[in-house]
Structure formats: structure tokens, C-alpha cells
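J.: Quick one, query_9.txt (compact mmCIF, C-alpha atoms):
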```
# COMPACT_ATOMS: atom_id res chain seq x y z
CA MET A 1209 -14.43 -8.80 -19.63
CA PRO A 1210 -16.46 -6.78 -17.21
CA LEU A 1211 -15.63 -7.89 -13.68
CA ILE A 1212 -18.57 -7.70 -11.30
CA GLN A 1213 -18.01 -7.42 -7.56
CA VAL A 1214 -21.07 -7.42 -5.33
CA ASP A 1215 -21.02 -6.51 -1.65
CA LEU A 1216 -24.36 -7.29 -0.03
CA ALA A 1217 -26.09 -8.41 3.15
CA GLN A 1218 -25.56 -12.07 4.05
CA HIS A 1219 -29.28 -12.85 4.07
CA ILE A 1220 -29.79 -11.45 0.58
CA TYR A 1221 -26.80 -13.43 -0.64
CA ASN A 1222 -28.18 -16.61 0.90
CA GLU A 1223 -31.60 -16.19 -0.67
CA LEU A 1224 -30.75 -14.75 -4.04
CA HIS A 1225 -27.12 -15.15 -5.13
CA GLU A 1226 -27.86 -17.43 -8.08
CA GLN A 1227 -30.65 -15.22 -9.35
CA LEU A 1228 -28.67 -12.06 -8.75
CA SER A 1229 -25.84 -13.43 -10.86
CA THR A 1230 -28.23 -14.54 -13.60
CA GLU A 1231 -29.98 -11.17 -13.77
CA ILE A 1232 -26.83 -9.06 -13.60
CA GLN A 1233 -25.36 -11.13 -16.42
CA ALA A 1234 -28.56 -10.84 -18.46
CA ALA A 1235 -28.40 -7.07 -17.96
CA GLN A 1236 -24.86 -6.97 -19.27
CA VAL A 1237 -25.83 -9.03 -22.30
CA GLU A 1238 -28.88 -6.86 -22.93
CA ALA A 1239 -27.26 -3.46 -22.43
CA LEU A 1240 -23.64 -3.98 -23.45
CA ASP A 1241 -23.97 -6.80 -26.01
CA ILE A 1242 -21.37 -8.92 -24.27
CA THR A 1243 -21.58 -12.68 -24.72
CA PRO A 1244 -23.38 -14.59 -21.96
CA ASP A 1245 -20.25 -16.58 -21.13
CA ASP A 1246 -18.23 -13.44 -20.39
CA LEU A 1247 -19.06 -13.91 -16.72
CA PHE A 1248 -16.84 -13.04 -13.77
CA HIS A 1249 -18.77 -12.34 -10.57
CA VAL A 1250 -17.41 -12.05 -7.04
CA PHE A 1251 -19.96 -11.96 -4.23
CA ARG A 1252 -19.02 -10.74 -0.77
CA PRO A 1253 -21.71 -11.33 1.85
CA HIS A 1254 -21.60 -9.03 4.86
CA GLY A 1255 -22.82 -9.14 8.42
CA PRO A 1256 -24.68 -6.28 10.09
CA GLY A 1257 -22.49 -3.21 10.51
CA GLU A 1258 -20.18 -3.91 7.61
CA LEU A 1259 -22.34 -2.02 5.11
CA LYS A 1260 -22.92 1.55 6.23
CA PHE A 1261 -25.05 4.07 4.39
CA ASP A 1262 -27.28 7.06 4.88
CA PRO A 1263 -31.04 6.35 4.64
CA GLY A 1264 -31.81 9.53 2.71
CA TYR A 1265 -28.87 10.58 0.54
CA ASN A 1266 -29.71 11.53 -3.04
CA ASP A 1267 -33.35 11.99 -2.01
CA VAL A 1268 -34.12 8.31 -1.89
CA ASP A 1269 -35.61 6.14 0.86
CA ARG A 1270 -32.66 3.79 1.34
CA ARG A 1271 -33.04 0.80 3.69
CA ASP A 1272 -30.12 -1.39 2.72
CA LEU A 1273 -27.00 -1.27 0.57
CA LEU A 1274 -26.23 -3.58 -2.31
CA LEU A 1275 -23.04 -2.45 -4.01
CA ILE A 1276 -22.30 -3.52 -7.55
CA HIS A 1277 -18.77 -2.56 -8.51
CA ILE A 1278 -18.01 -3.00 -12.21
CA THR A 1279 -14.51 -2.95 -13.69
CA MET A 1280 -14.63 -2.79 -17.47
CA VAL A 1281 -12.76 -1.59 -20.52
CA HIS A 1282 -13.24 2.07 -21.44
CA MET A 1283 -15.27 1.62 -24.62
CA TYR A 1284 -18.92 2.28 -23.85
CA PRO A 1285 -20.68 5.62 -24.40
CA VAL A 1286 -22.58 7.18 -21.51
CA SER A 1287 -25.88 6.05 -23.03
CA LYS A 1288 -24.79 2.40 -22.79
CA LYS A 1289 -23.76 2.83 -19.17
CA ARG A 1290 -27.12 4.38 -18.33
CA ALA A 1291 -28.85 1.53 -20.13
CA LEU A 1292 -26.79 -0.93 -18.10
CA PHE A 1293 -27.73 0.72 -14.81
CA GLU A 1294 -31.42 0.83 -15.75
CA THR A 1295 -31.42 -2.78 -16.87
CA ILE A 1296 -29.67 -4.01 -13.72
CA VAL A 1297 -32.07 -2.08 -11.49
CA ARG A 1298 -35.13 -3.29 -13.41
CA ARG A 1299 -34.05 -6.92 -13.34
CA LEU A 1300 -33.04 -6.87 -9.67
CA GLY A 1301 -36.31 -5.09 -8.95
CA ALA A 1302 -38.11 -8.09 -10.40
CA LEU A 1303 -36.35 -10.20 -7.74
CA GLY A 1304 -37.80 -7.95 -5.04
CA LEU A 1305 -34.78 -5.73 -4.50
CA ARG A 1306 -35.49 -2.04 -4.06
CA PRO A 1307 -33.86 0.27 -6.63
CA GLU A 1308 -33.22 2.73 -3.80
CA ASP A 1309 -30.93 0.21 -2.10
CA ILE A 1310 -28.67 -0.32 -5.10
CA LEU A 1311 -25.36 1.48 -5.59
CA ILE A 1312 -23.49 0.92 -8.84
CA SER A 1313 -19.97 2.18 -9.46
CA VAL A 1314 -18.01 1.69 -12.68
CA VAL A 1315 -14.23 1.90 -12.95
CA GLU A 1316 -12.64 1.64 -16.35
CA ASN A 1317 -9.35 0.38 -17.68
CA GLY A 1318 -7.91 -0.71 -21.05
CA PHE A 1319 -7.78 -3.91 -23.07
CA GLU A 1320 -4.15 -4.29 -22.03
CA ASP A 1321 -5.17 -4.42 -18.37
CA TRP A 1322 -6.66 -7.90 -18.44
CA TYR A 1323 -5.50 -11.48 -18.34
CA ALA A 1324 -8.37 -13.99 -18.57
CA GLY A 1325 -6.98 -17.49 -18.50
CA ARG A 1326 -4.60 -17.12 -21.40
CA MET B 409 2.87 0.92 -4.42
CA PRO B 410 0.95 -1.65 -6.34
CA LEU B 411 -1.92 -2.86 -4.20
CA ILE B 412 -2.78 -6.51 -4.73
CA GLN B 413 -6.24 -7.83 -3.88
CA VAL B 414 -6.83 -11.55 -4.32
CA ASP B 415 -10.26 -13.17 -4.23
CA LEU B 416 -9.97 -16.95 -4.18
CA ALA B 417 -11.48 -20.19 -2.94
CA GLN B 418 -11.11 -20.78 0.79
CA HIS B 419 -9.30 -24.11 0.33
CA ILE B 420 -6.69 -22.58 -1.98
CA TYR B 421 -6.19 -19.75 0.49
CA ASN B 422 -5.74 -22.22 3.33
CA GLU B 423 -3.17 -24.29 1.47
CA LEU B 424 -1.23 -21.65 -0.39
CA HIS B 425 -1.66 -18.10 0.85
CA GLU B 426 1.92 -17.64 1.99
CA GLN B 427 3.33 -19.04 -1.24
CA LEU B 428 0.85 -17.11 -3.34
CA SER B 429 1.95 -13.89 -1.69
CA THR B 430 5.62 -14.76 -2.12
CA GLU B 431 5.26 -15.61 -5.80
CA ILE B 432 3.04 -12.65 -6.69
CA GLN B 433 5.54 -10.35 -5.02
CA ALA B 434 8.45 -12.02 -6.81
CA ALA B 435 6.60 -11.51 -10.09
CA GLN B 436 6.20 -7.82 -9.36
CA VAL B 437 9.87 -7.49 -8.54
CA GLU B 438 10.86 -9.42 -11.65
CA ALA B 439 8.52 -7.73 -14.13
CA LEU B 440 8.08 -4.22 -12.73
CA ASP B 441 11.38 -3.70 -10.89
CA ILE B 442 9.64 -2.70 -7.70
CA THR B 443 11.48 -3.26 -4.44
CA PRO B 444 10.61 -6.49 -2.58
CA ASP B 445 9.38 -4.57 0.45
CA ASP B 446 6.76 -2.69 -1.60
CA LEU B 447 4.23 -5.28 -0.52
CA PHE B 448 0.54 -4.70 0.12
CA HIS B 449 -1.59 -7.81 -0.35
CA VAL B 450 -5.20 -8.34 0.69
CA PHE B 451 -6.54 -11.90 0.48
CA ARG B 452 -10.27 -12.60 0.50
CA PRO B 453 -11.13 -16.30 0.81
CA HIS B 454 -14.53 -17.29 -0.52
CA GLY B 455 -16.96 -20.12 0.07
CA PRO B 456 -18.63 -22.06 -2.74
CA GLY B 457 -21.00 -19.90 -4.75
CA GLU B 458 -19.28 -16.60 -4.08
CA LEU B 459 -17.00 -16.89 -7.11
CA LYS B 460 -19.01 -17.35 -10.29
CA PHE B 461 -17.52 -17.84 -13.73
CA ASP B 462 -18.13 -19.51 -17.06
CA PRO B 463 -16.12 -22.70 -17.68
CA GLY B 464 -15.36 -21.88 -21.30
CA TYR B 465 -15.14 -18.13 -21.85
CA ASN B 466 -12.16 -16.91 -23.89
CA ASP B 467 -11.68 -20.46 -25.23
CA VAL B 468 -10.11 -21.78 -22.06
CA ASP B 469 -10.99 -24.76 -19.88
CA ARG B 470 -11.75 -22.87 -16.66
CA ARG B 471 -12.45 -24.85 -13.47
CA ASP B 472 -12.04 -22.24 -10.76
CA LEU B 473 -11.58 -18.50 -10.40
CA LEU B 474 -8.64 -16.81 -8.75
CA LEU B 475 -8.97 -13.06 -9.18
CA ILE B 476 -5.92 -10.85 -8.83
CA HIS B 477 -6.91 -7.21 -8.80
CA ILE B 478 -3.98 -4.81 -9.07
CA THR B 479 -4.20 -1.07 -8.36
CA MET B 480 -1.05 0.72 -9.47
CA VAL B 481 0.28 4.02 -10.73
CA HIS B 482 -0.10 4.67 -14.45
CA MET B 483 3.55 4.42 -15.46
CA TYR B 484 4.17 1.05 -17.06
CA PRO B 485 4.12 0.35 -20.80
CA VAL B 486 1.92 -2.42 -22.13
CA SER B 487 4.96 -4.67 -22.52
CA LYS B 488 5.64 -4.47 -18.78
CA LYS B 489 2.04 -5.30 -17.96
CA ARG B 490 2.16 -8.32 -20.24
CA ALA B 491 5.41 -9.40 -18.63
CA LEU B 492 3.79 -9.04 -15.22
CA PHE B 493 0.82 -11.20 -16.22
CA GLU B 494 3.07 -13.87 -17.74
CA THR B 495 5.33 -13.91 -14.70
CA ILE B 496 2.46 -14.18 -12.26
CA VAL B 497 0.87 -17.00 -14.24
CA ARG B 498 4.16 -18.87 -14.58
CA ARG B 499 5.00 -18.57 -10.89
CA LEU B 500 1.51 -19.52 -9.71
CA GLY B 501 1.60 -22.36 -12.22
CA ALA B 502 4.66 -23.69 -10.41
CA LEU B 503 2.49 -23.86 -7.26
CA GLY B 504 0.01 -26.04 -9.12
CA LEU B 505 -2.51 -23.37 -10.05
CA ARG B 506 -3.93 -23.57 -13.54
CA PRO B 507 -3.31 -20.53 -15.79
CA GLU B 508 -6.84 -20.97 -17.11
CA ASP B 509 -8.28 -20.30 -13.66
CA ILE B 510 -6.51 -16.97 -13.18
CA LEU B 511 -8.14 -13.61 -13.90
CA ILE B 512 -5.98 -10.49 -13.58
CA SER B 513 -7.37 -6.98 -13.76
CA VAL B 514 -5.31 -3.80 -13.47
CA VAL B 515 -6.72 -0.40 -12.53
CA GLU B 516 -4.43 2.60 -12.61
CA ASN B 517 -4.22 5.85 -10.73
CA GLY B 518 -1.60 8.56 -10.11
CA PHE B 519 1.22 9.14 -7.62
CA GLU B 520 -0.99 11.66 -5.88
CA ASP B 521 -3.60 8.97 -5.17
CA TRP B 522 -1.63 7.15 -2.48
CA TYR B 523 -0.88 7.49 1.18
CA ALA B 524 1.42 4.76 2.51
CA GLY B 525 2.05 5.31 6.18
CA ARG B 526 3.37 8.84 5.90
CA MET C 490 -20.51 9.82 -4.11
CA PRO C 491 -17.17 8.71 -2.82
CA LEU C 492 -17.33 4.99 -2.11
CA ILE C 493 -15.19 3.93 0.84
CA GLN C 494 -13.99 0.34 1.14
CA VAL C 495 -12.01 -0.58 4.25
CA ASP C 496 -10.09 -3.82 4.67
CA LEU C 497 -8.86 -4.21 8.23
CA ALA C 498 -8.08 -6.66 11.02
CA GLN C 499 -11.14 -8.29 12.60
CA HIS C 500 -10.28 -7.07 16.11
CA ILE C 501 -9.99 -3.46 14.98
CA TYR C 502 -13.28 -3.77 13.15
CA ASN C 503 -14.94 -5.20 16.25
CA GLU C 504 -13.68 -2.44 18.51
CA LEU C 505 -13.89 0.58 16.26
CA HIS C 506 -16.05 0.18 13.18
CA GLU C 507 -18.64 2.76 14.18
CA GLN C 508 -16.02 5.32 15.12
CA LEU C 509 -13.94 4.57 12.03
CA SER C 510 -16.94 5.22 9.85
CA THR C 511 -17.79 8.42 11.71
CA GLU C 512 -14.26 9.79 11.46
CA ILE C 513 -13.70 8.83 7.83
CA GLN C 514 -16.96 10.52 6.93
CA ALA C 515 -16.05 13.60 8.96
CA ALA C 516 -12.74 13.72 7.09
CA GLN C 517 -14.54 13.64 3.76
CA VAL C 518 -16.85 16.42 4.84
CA GLU C 519 -13.96 18.48 6.17
CA ALA C 520 -11.56 18.00 3.25
CA LEU C 521 -13.82 17.50 0.24
CA ASP C 522 -16.90 19.50 1.28
CA ILE C 523 -19.23 16.60 0.59
CA THR C 524 -22.49 16.48 2.50
CA PRO C 525 -22.51 14.29 5.63
CA ASP C 526 -25.22 12.05 4.22
CA ASP C 527 -23.15 11.15 1.15
CA LEU C 528 -22.05 8.03 2.99
CA PHE C 529 -21.26 4.65 1.43
CA HIS C 530 -18.85 2.55 3.48
CA VAL C 531 -18.04 -1.13 3.07
CA PHE C 532 -16.00 -2.76 5.84
CA ARG C 533 -14.24 -6.07 5.30
CA PRO C 534 -12.79 -7.57 8.49
CA HIS C 535 -9.92 -9.99 7.99
CA GLY C 536 -8.37 -12.81 9.94
CA PRO C 537 -4.63 -13.18 10.50
CA GLY C 538 -2.76 -13.86 7.26
CA GLU C 539 -5.24 -12.17 4.97
CA LEU C 540 -3.55 -8.77 5.22
CA LYS C 541 0.10 -8.98 4.21
CA PHE C 542 2.54 -6.10 4.29
CA ASP C 543 6.18 -5.24 4.81
CA PRO C 544 7.05 -3.76 8.22
CA GLY C 545 9.44 -1.18 6.82
CA TYR C 546 8.44 -0.10 3.32
CA ASN C 547 8.46 3.64 2.67
CA ASP C 548 10.68 4.12 5.73
CA VAL C 549 7.89 3.67 8.23
CA ASP C 550 7.52 1.35 11.21
CA ARG C 551 4.46 -0.55 10.03
CA ARG C 552 2.82 -3.05 12.40
CA ASP C 553 -0.58 -3.62 10.81
CA LEU C 554 -2.43 -2.79 7.62
CA LEU C 555 -5.64 -0.82 7.41
CA LEU C 556 -6.53 -0.25 3.77
CA ILE C 557 -8.88 2.55 2.81
CA HIS C 558 -9.83 2.29 -0.84
CA ILE C 559 -11.70 5.32 -2.16
CA THR C 560 -13.57 5.40 -5.49
CA MET C 561 -14.59 8.93 -6.38
CA VAL C 562 -15.32 11.24 -9.28
CA HIS C 563 -12.29 12.86 -10.92
CA MET C 564 -12.86 16.44 -9.80
CA TYR C 565 -10.54 17.19 -6.89
CA PRO C 566 -7.14 18.87 -7.19
CA VAL C 567 -4.10 17.20 -5.67
CA SER C 568 -4.19 19.59 -2.74
CA LYS C 569 -7.69 18.39 -1.79
CA LYS C 570 -6.58 14.77 -1.97
CA ARG C 571 -3.61 15.50 0.27
CA ALA C 572 -5.90 17.30 2.68
CA LEU C 573 -8.21 14.28 2.68
CA PHE C 574 -5.36 11.89 3.46
CA GLU C 575 -4.04 14.12 6.25
CA THR C 576 -7.49 14.54 7.75
CA ILE C 577 -8.24 10.83 7.69
CA VAL C 578 -4.91 10.00 9.29
CA ARG C 579 -5.31 12.66 11.96
CA ARG C 580 -8.83 11.60 12.87
CA LEU C 581 -8.02 7.88 12.91
CA GLY C 582 -4.94 8.70 14.92
CA ALA C 583 -7.22 10.21 17.56
CA LEU C 584 -8.88 6.78 17.79
CA GLY C 585 -5.51 5.22 18.55
CA LEU C 586 -4.68 3.97 15.06
CA ARG C 587 -1.09 4.45 13.95
CA PRO C 588 -0.60 6.60 10.80
CA GLU C 589 2.13 4.17 9.76
CA ASP C 590 -0.41 1.35 9.52
CA ILE C 591 -2.76 3.17 7.15
CA LEU C 592 -2.73 2.70 3.38
CA ILE C 593 -5.02 4.90 1.30
CA SER C 594 -5.59 4.38 -2.41
CA VAL C 595 -7.84 6.52 -4.59
CA VAL C 596 -9.30 5.42 -7.92
CA GLU C 597 -11.28 7.92 -9.95
CA ASN C 598 -14.13 7.70 -12.40
CA GLY C 599 -16.73 10.07 -13.89
CA PHE C 600 -20.16 11.35 -12.90
CA GLU C 601 -21.64 9.00 -15.49
CA ASP C 602 -20.17 6.00 -13.69
CA TRP C 603 -22.56 6.04 -10.74
CA TYR C 604 -26.05 4.94 -9.91
CA ALA C 605 -27.08 5.80 -6.35
CA GLY C 606 -30.59 4.61 -5.74
CA ARG C 607 -32.21 6.45 -8.62
```
In C-alpha cells, write the structure found in this file.

T.:
Amino acid sequence: MPLIQVDLAQHIYNELHEQLSTEIQAAQVEALDITPDDLFHVFRPHGPGELKFDPGYNDVDRRDLLLIHITMVHMYPVSKKRALFETIVRRLGALGLRPEDILISVVENGFEDWYAGR
Amino acid sequence: MPLIQVDLAQHIYNELHEQLSTEIQAAQVEALDITPDDLFHVFRPHGPGELKFDPGYNDVDRRDLLLIHITMVHMYPVSKKRALFETIVRRLGALGLRPEDILISVVENGFEDWYAGR
Amino acid sequence: MPLIQVDLAQHIYNELHEQLSTEIQAAQVEALDITPDDLFHVFRPHGPGELKFDPGYNDVDRRDLLLIHITMVHMYPVSKKRALFETIVRRLGALGLRPEDILISVVENGFEDWYAGR
């Protein structure tokens, strides 16, 4: 049950939210072997000023901020996490989003920390 | 100091936010023995499209998504967490919300990770 | 790569978001020795009713709620966290915000849990 929370500019949300969701989910399926129906995505569109970032941190040319916050059970090795990040960035890149503008943060919990409808 | 963050449909927020807050807090008091005034709730109403979910994952008939994200100190046994989930679902059920539509996710930290007004 | 997420009243956001960001970042630089360009802030302004709190919990006279949620790598001793909280509160206090109205919550992860533009 990874929970995906995406904070992004309103205009990107308006243009791409369906495709963003599709590609992020495909990345999870591809990299983590979750089932396609294990899908919980919260999108939070933001106006100008609400997303603040530095245009050069980490030696990248950053022009926007698209935050993908993932809450998931502590069970994946580092290699799987890296594969997930790479797959997300590649798939969102195919939608025209710049890798430099993406920030991904994972927070982990346990199986006992979830209730999903029953 | 559990921190409750609720992402939900705008219309459910409009109709029920006061009662949702009351019942979630009552569930915390009942299941975790916190004091009633230990109350920090953030509600985030969402328009259509911002909450994406699968209608059948986990073998439930899901029609909406109400996410309750709980940040709390690592101190409760699994049995208490389960009791908390059951109590929240039962109390929100009494408001007319479907258990199948509720997603709860807990993330834990330590006592040293909080500042609460002093 | 601390990630800062701030949930606050709309009117405070409107009046102070630039200064809030500046002071929170200065507090991170001062207390955690991060570089000034390591800046990722998400602001979420809220209407009345969306931020719920108790006016007296923790023996403080609370009149509003400004939540600062920090996701950062598990690497700082408790003393650094306390210094961070004190520095944030002092700097926001200089903007006219009441310490009693501030809630800070830290959640930690690992170096492997981040992707920051590359």
C-alpha cells in the first residue's frame, strides 16, 4: 500500500494529472512489483509562491518543483528504491517533465500501520 | 501529540468536518488514552480528480477516498493501533462514511521530534 | 535535503510567506549547518475550519495553528533538533508569530530515501 502524495504547480496538475497518476503507478508496478490496483494517489495543486525551491541545489538546473512523497512499508532494498526513482523520473520525463524539477521523498512504516478499507 | 492530517472530498468536508474532527478525536481518546485536548487536525478538502484510487483493491468495494494520515510517537503496541483503526472506522461509519472508503496510514517518530507551543 | 511542509492560515500565508520561508531556511542553516540552497518548502494555506486545535493543550495559550512538518535524514542528535525548534520559534517570533501557535513535527528517513533532481 504505497501512498503517493504529489504537490505540484496548478497548471501542471490541470494538464497532466491523469497521465501523472498513470505513469507513477506504472513505475511502482515496474520497480516494486506491486499490483496495478494498489493505487492511492493524493494530488495537491499549488499556486505561485506555495512551492519554494532553490534553482541550483544539488548541482541541477531546477526551474520548478514537483514533490512526490511516498509512504510505504519498510520492505524494499535500496536497489529497489533507486529503481523506483529512476523509473518515475524516466516515465515523467516522457510526459515532458524535467528530471531536475522532481523531488522524491520516501517515508517508511510497518504493515501494522495501515488500514485500507477493511 | 498525534498529528492528524485528513485529505478528503470537498463535499464531505463541507458537510462533516466538525463531526469528523470530533469523532476522530474521540477515537484517539478511546483507543490510545490521550487527553481530549491533545488535538491537532489538518483538513485538506479536494476537488474531483485530486484523490485517485482503485475501486476494488484489497477486495473492498471502494467508492471514494478519505485519507487519515497520523504522525505519532512510537510507543503503542500493534493491538492499540488496531483498536485505533477500528474505533475510527466505527465512529466515522456512524456518520455515514463507508469503512471501505477509508485509508489510514501511521508514521511514527520520537518524543524529541515535537515542538508543541513551548 | 530537509523537506519543509507548512500548513497555515490563508491570511498568514498571504502576509508572510516569503519571510516565513526565509526565516525557516535561516533557522535550518543556523541550527543544522545545511547549505542555504538546500531549500524545499511547500506551503499549504487553509481556510477557517481546516486547522483544528485545542486552545490550551500542553499548558499554552494557543490561538492559531501553524504546522511545520519536517522530513529529514536521520543524522541529527536530539540537541540539534532542539536547537532547530528554538531557532525556528525565535525567528518566526520576530515576524510576530506567537510561539504558542507553532507545532513542529519531524519525521526521519535515510539518505537512500531521496531523489533531488538527479

J.: So how many Å separate CA of Met1209 (chain A) and CA of Met1280 (chain A), to one decimal?

T.: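 Between CA of Met1209 (chain A) and CA of Met1280 (chain A) the gap is 6.4 Å.
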
J.: Nearest residue to chain C out of A:Leu1240, A:Met1283, A:Leu1303, A:Leu1275, using only C-alpha atoms?

T.: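 So, comparing all the options, the nearest one is A:Leu1275.
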
J.: Using only C-alpha atoms, find the residues of chain B whose closest atom to chain C is at most 7 Å away, then write them as a compact mmCIF listing (two decimals) with C-alpha atoms, keeping the file's coordinate frame.

T.:
```
# COMPACT_ATOMS: atom_id res chain seq x y z
CA ASP B 445 9.38 -4.57 0.45
CA ASP B 446 6.76 -2.69 -1.60
CA LEU B 447 4.23 -5.28 -0.52
CA PHE B 448 0.54 -4.70 0.12
CA HIS B 449 -1.59 -7.81 -0.35
CA VAL B 450 -5.20 -8.34 0.69
CA PHE B 451 -6.54 -11.90 0.48
CA ARG B 452 -10.27 -12.60 0.50
CA ASN B 517 -4.22 5.85 -10.73
CA GLU B 520 -0.99 11.66 -5.88
CA ASP B 521 -3.60 8.97 -5.17
CA TRP B 522 -1.63 7.15 -2.48
CA TYR B 523 -0.88 7.49 1.18
CA ALA B 524 1.42 4.76 2.51
CA GLY B 525 2.05 5.31 6.18
CA ARG B 526 3.37 8.84 5.90
```

J.: Rounded to one decimal, what separation in Å do you get between CA of Pro525 (chain C) and CA of Leu1300 (chain A)?

T.: 28.2 Å

J.: Of the residues C:Gln494, C:Lys569, C:Gly585, C:Pro537, which is the one nearest to Gln517 (chain C), using all atoms listed in the file?

T.: C:Lys569
